[in-house]
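S.K.: Contents are mmCIF, C-alpha atoms and all ligand atoms; file name upload.cif:
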```
data_coords
#
loop_
_atom_site.label_atom_id
_atom_site.label_comp_id
_atom_site.auth_asym_id
_atom_site.auth_seq_id
_atom_site.Cartn_x
_atom_site.Cartn_y
_atom_site.Cartn_z
CA MET A 18 138.53 106.91 102.28
CA HIS A 19 137.85 104.95 99.08
CA ARG A 20 134.27 103.70 98.99
CA LEU A 21 135.46 100.13 98.63
CA ILE A 22 137.47 100.42 101.83
CA GLU A 23 134.54 102.16 103.52
CA LYS A 24 132.27 99.33 102.37
CA LEU A 25 134.50 96.83 104.12
CA ILE A 26 135.02 98.72 107.36
CA LYS A 27 132.04 101.00 107.95
CA LYS A 28 129.22 99.50 105.93
CA ARG A 29 130.09 95.88 106.41
CA ARG A 30 127.07 93.65 106.08
CA GLN A 31 125.78 91.79 109.08
CA PRO A 32 126.33 88.05 108.69
CA LEU A 33 123.44 86.28 106.98
CA THR A 34 120.84 84.57 109.10
CA ILE A 35 119.02 81.40 108.12
CA THR A 36 115.70 83.08 108.95
CA SER A 37 116.42 85.88 106.48
CA ARG A 38 115.50 83.33 103.81
CA VAL A 39 111.99 82.52 105.08
CA SER A 40 110.37 84.75 102.46
CA SER A 41 112.37 83.00 99.73
CA VAL A 42 110.95 79.68 100.92
CA THR A 43 107.44 81.11 100.79
CA ASN A 44 108.09 82.41 97.29
CA VAL A 45 109.21 79.06 95.97
CA PHE A 46 106.25 77.32 97.62
CA VAL A 47 104.04 79.66 95.60
CA GLN A 48 106.04 79.66 92.39
CA ALA A 49 106.32 75.86 92.44
CA ILE A 50 102.56 75.51 92.08
CA ILE A 51 101.37 78.37 89.93
CA PRO A 52 101.31 77.95 86.16
CA SER A 53 103.36 79.96 83.73
CA VAL A 54 101.66 80.70 80.41
CA LYS A 55 104.01 81.26 77.47
CA PRO A 56 102.85 84.25 75.38
CA THR A 57 102.92 84.52 71.59
CA GLU A 58 104.90 87.32 69.99
CA ASP A 59 101.63 88.96 68.88
CA GLU A 60 100.37 88.99 72.46
CA VAL A 61 103.59 90.60 73.70
CA LEU A 62 103.39 93.27 70.98
CA GLU A 63 99.75 93.95 71.81
CA ALA A 64 100.59 94.32 75.51
CA LEU A 65 103.44 96.72 74.72
CA THR A 66 101.13 98.78 72.48
CA ILE A 67 98.57 99.13 75.27
CA LEU A 68 101.39 100.20 77.61
CA GLY A 69 102.73 102.70 75.07
CA ALA A 70 106.10 100.95 75.14
CA SER A 71 108.35 100.60 72.10
CA PRO A 72 109.04 96.97 71.10
CA ASP A 73 112.60 97.94 70.14
CA HIS A 74 113.45 99.94 73.25
CA PRO A 75 110.88 99.09 75.91
CA GLU A 76 110.93 101.46 78.83
CA CYS A 77 110.09 100.74 82.44
CA VAL A 78 106.34 101.36 82.78
CA TYR A 79 106.85 102.81 86.25
CA CYS A 80 109.71 105.28 85.71
CA GLY A 81 110.72 105.41 82.04
CA ALA A 82 114.25 104.01 82.45
CA PRO A 83 115.33 101.33 79.95
CA ALA A 84 113.51 98.12 80.89
CA THR A 85 115.60 95.14 81.93
CA ASP A 86 112.98 92.89 83.59
CA TRP A 87 109.40 91.71 83.29
CA ASP A 88 107.60 92.58 86.49
CA HIS A 89 104.44 90.87 87.70
CA LEU A 90 102.06 93.80 88.02
CA ARG A 91 99.98 91.86 90.54
CA PRO A 92 102.32 90.03 92.92
CA PHE A 93 102.16 86.27 93.39
CA VAL A 94 102.46 86.36 97.17
CA LYS A 95 100.69 88.29 99.88
CA GLY A 96 100.63 87.43 103.55
CA ARG A 97 102.64 84.23 102.92
CA ARG A 98 100.01 82.83 100.56
CA PRO A 99 99.44 83.02 96.81
CA THR A 100 97.31 85.88 95.58
CA GLY A 101 95.90 83.76 92.73
CA TYR A 102 97.68 85.85 90.07
CA ILE A 103 99.95 83.89 87.80
CA ASP A 104 102.78 84.24 85.33
CA GLU A 105 101.08 85.38 82.11
CA ILE A 106 101.51 88.28 79.69
CA ARG A 107 98.42 89.99 81.02
CA ASN A 108 100.16 90.26 84.38
CA LEU A 109 103.63 91.17 83.07
CA VAL A 110 105.01 94.63 82.38
CA PRO A 111 108.48 95.79 81.34
CA SER A 112 110.35 97.37 84.24
CA CYS A 113 113.81 98.37 85.34
CA SER A 114 115.48 96.41 88.12
CA THR A 115 115.37 99.42 90.47
CA CYS A 116 111.56 99.55 90.28
CA ASN A 117 111.20 95.78 90.32
CA ASN A 118 113.25 95.49 93.52
CA SER A 119 111.61 98.48 95.19
CA LYS A 120 108.05 97.40 94.41
CA GLY A 121 108.42 93.84 95.69
CA GLY A 122 105.02 92.50 96.71
CA GLN A 123 103.28 95.86 97.06
CA ASP A 124 100.20 97.06 95.23
CA TRP A 125 101.61 98.81 92.15
CA GLU A 126 99.54 101.99 92.32
CA THR A 127 100.09 102.58 96.04
CA TRP A 128 103.80 101.88 95.62
CA MET A 129 104.20 104.26 92.64
CA GLN A 130 102.78 107.16 94.62
CA GLY A 131 104.19 106.14 98.00
CA SER A 132 107.43 106.86 99.79
CA ALA A 133 109.16 103.45 99.61
CA ALA A 134 112.89 103.72 98.89
CA GLN A 135 113.37 104.11 95.12
CA SER A 136 109.62 104.33 94.40
CA PRO A 137 108.79 106.56 91.38
CA ALA A 138 107.31 109.29 93.63
CA LYS A 139 110.35 109.18 95.91
CA ARG A 140 112.68 109.54 92.92
CA GLY A 141 110.66 112.43 91.47
CA VAL A 142 109.75 110.53 88.28
CA LYS A 143 107.87 112.68 85.77
CA GLY A 144 104.41 111.87 84.45
CA ILE A 145 103.30 109.50 87.18
CA PRO A 146 99.54 110.15 86.57
CA GLN A 147 99.99 109.31 82.85
CA ARG A 148 101.92 106.16 83.71
CA ILE A 149 99.20 105.11 86.14
CA ALA A 150 96.52 105.75 83.49
CA ARG A 151 98.40 103.51 81.02
CA LEU A 152 98.64 100.74 83.58
CA HIS A 153 94.89 101.03 84.25
CA ALA A 154 94.32 100.65 80.50
CA PHE A 155 96.59 97.59 80.55
CA GLU A 156 94.63 96.08 83.45
CA ALA A 157 91.34 96.75 81.65
CA TRP A 158 92.73 95.05 78.51
CA GLY A 159 94.04 92.06 80.48
CA ASN A 160 90.97 91.70 82.68
CA VAL A 161 92.94 89.31 84.86
CA GLN A 162 91.06 87.77 87.75
CA PRO A 163 92.80 85.91 90.58
CA ILE A 164 92.40 82.15 90.47
CA ASP A 165 90.92 80.42 93.54
CA LEU A 166 93.78 77.93 93.77
CA ALA A 167 92.61 76.30 97.02
CA ALA A 168 89.23 75.50 95.50
CA LEU A 169 90.87 74.05 92.39
CA VAL A 170 93.06 71.52 94.20
CA GLY A 171 90.88 70.80 97.24
CA GLU A 172 91.31 71.95 100.80
CA ASP A 173 93.22 68.93 102.17
CA VAL A 174 95.93 69.00 99.49
CA TRP A 175 96.12 72.75 99.79
CA ASN A 176 96.55 72.74 103.56
CA ALA A 177 99.16 69.95 103.38
CA HIS A 178 101.27 72.09 101.03
CA TRP A 179 101.17 75.12 103.37
CA ASN A 180 101.71 73.03 106.48
CA ARG A 181 104.98 71.85 104.89
CA ARG A 182 106.01 75.46 104.36
CA ASP A 183 105.15 76.26 107.98
CA GLU A 184 107.21 73.27 109.17
CA ILE A 185 110.23 74.45 107.18
CA GLU A 186 109.87 77.91 108.68
CA LYS A 187 109.88 76.44 112.18
CA LEU A 188 112.99 74.41 111.34
CA MET A 189 114.70 77.52 109.99
CA PHE A 190 114.05 79.35 113.24
CA SER A 191 115.45 76.53 115.37
CA ALA A 192 118.40 76.15 112.98
CA GLN A 193 119.10 79.87 113.32
CA ALA A 194 119.08 79.65 117.12
CA GLU A 195 121.62 76.82 116.91
CA ALA A 196 123.68 78.68 114.30
CA LYS A 197 123.92 81.68 116.60
CA LYS A 198 125.40 79.48 119.32
CA LEU A 199 127.84 77.92 116.85
CA ARG A 200 128.95 81.36 115.70
CA SER A 201 129.64 82.40 119.30
CA THR A 202 131.65 79.24 119.90
CA ILE A 203 133.67 79.73 116.73
CA ARG A 204 134.17 83.41 117.51
CA ALA A 205 135.36 82.68 121.05
CA ALA A 206 137.78 80.01 119.81
CA MET A 207 139.15 82.40 117.17
CA GLY A 208 139.82 85.01 119.83
CA LYS A 209 142.62 82.84 121.14
CA THR A 210 144.47 82.52 117.83
CA ARG A 211 143.68 85.48 115.55
CA PRO A 212 145.05 88.97 116.15
CA GLY A 213 142.27 91.55 116.26
CA SER A 214 139.53 88.98 116.53
CA ALA A 215 138.58 90.10 120.03
CA ARG A 216 137.19 93.30 118.53
CA THR A 217 133.47 93.68 118.21
CA ARG A 218 131.58 95.95 115.82
CA LYS A 219 131.59 98.63 118.48
CA GLY A 220 135.28 98.30 119.23
CA PRO A 221 138.12 99.96 117.34
CA GLY A 222 137.98 98.83 113.73
CA GLY A 223 135.28 96.37 114.58
CA PRO A 224 135.67 93.83 111.79
CA LEU A 225 134.19 90.86 113.62
CA THR A 226 130.71 90.35 114.97
CA PRO A 227 130.03 88.01 117.82
ZN ZN B 301 111.73 101.80 86.67
#
```
Just dump the structure as C-alpha cells.
M.R.:
Amino acid sequence: MHRLIEKLIKKRRQPLTITSRVSSVTNVFVQAIIPSVKPTEDEVLEALTILGASPDHPECVYCGAPATDWDHLRPFVKGRRPTGYIDEIRNLVPSCSTCNNSKGGQDWETWMQGSAAQSPAKRGVKGIPQRIARLHAFEAWGNVQPIDLAALVGEDVWNAHWNRRDEIEKLMFSAQAEAKKLRSTIRAAMGKTRPGSARTRKGPGGPLTP
C-alpha cells in the first residue's frame, strides 16, 4: 500500500481537541511578556565562534545537521510559568528542526543524553561529549541568569496575568466537553445520510471517529 494511502486509512490522525492547545496558550502568555533583545552581527559571530559553528554553514549544536532554527538553550516555560530566561543571543543556539522539536522545554543536557524520540543519544549522534562541552563554554560566556519577572512587575499584576491564563484553560476544557457532544450529534446525524459513516475506527475501514 502506498504510504499516502496508508496515512489516510491506517495512520489517520485523531481529530483535534480544543484542550490540545492549552500549552500553546501558556506559551503565548509567556512570550507576550518576555523581552526580545536584538543582537548585533558582532555578537552573533562571537556566539558562533564560542560554539565552534561556521558563520557560513552553521550546524546544529546538538547533532551536527545543517541548522535551520535558533533554539532557546534555556526554555522560556516550565511548569506553566516563565523560567525567567528570555529571547537574547546568549540564550540562542543554531539547531535543526528535528532537535528543536524533540527538545521542547527540556533541560538541554539531560535531553541530549536521554532517550526522548529523536534526541541526539537516541539517534546515535557522534561526539556528544564534545558538543556538551562546547555548550558549557557557551553558557559560561553568556553567563545568563534568569530574571525574577514576578518581582519586577509586582505580585498583584503578575497573579492577574496568570489567573487570566488559568481562566482560559478552564474555558477550553468546558468548550472541549461541549465540542465532544456536538461531534457525536453531527456524527449520528451523518449516519443517516452518508454511506460508510456508521463505521467506527475499529470497524472495517474505520474512516470516521465518533
Ligand atoms: Zn540537530
S.K.: Compute the set of protein, DNA and RNA residues whose minimum atom distance to ligand ZN 301 (chain B) is at most 12 Å, using all atoms listed in the file, and state it as a ChimeraX atom specification.
M.R.: /A:75-88,110-120,125,128-129,135-143,145,148
S.K.: Of the candidates A:Arg182, A:Arg97, A:Arg91, A:Lys187, which one gets nearest to Gln162 of chain A if we count only C-alpha atoms?
M.R.: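 Nearest to Gln162 of chain A: A:Arg91.
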S.K.: Work out how far atom CA of Ile103 of chain A is from atom CA of Ile51 of chain A, in Å to one decimal.
M.R.: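 It comes out at 6.1 Å.
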S.K.: Would you please work out which residue, of A:Ile185, A:Ala194, A:Gln147, A:Pro92, is nearest to Gly69 of chain A when using all atoms listed in the file?
M.R.: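 Distance minimum relative to Gly69 of chain A lands on A:Gln147.
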S.K.: Step by step, gather every atom of segment 62-68 of chain A that the file lists, find the box along x, y and z that holds them, add 8 Å on each side, and finally give centre and edge lengths in Å to one decimal, as JSON.
M.R.:
```
{"center_x": 101.0, "center_y": 96.7, "center_z": 74.3, "size_x": 20.9, "size_y": 22.9, "size_z": 22.6}
```
S.K.: May I have a table of the residues of segment 144-210 of chain A lying at most 8 Å from segment 32-40 of chain A, giving each one's closest pair of atoms and their distance in Å to one decimal, counting all atoms listed in the file, ordered by chain and ascending residue number, as a Markdown table?
M.R.:
```
| residue | atom | partner | partner_atom | distance |
| --- | --- | --- | --- | --- |
| A:Glu186 | CA | A:Val39 | CA | 6.2 |
| A:Met189 | CA | A:Thr36 | CA | 5.7 |
| A:Phe190 | CA | A:Thr36 | CA | 5.9 |
| A:Ala192 | CA | A:Ile35 | CA | 7.2 |
| A:Gln193 | CA | A:Ile35 | CA | 5.4 |
```
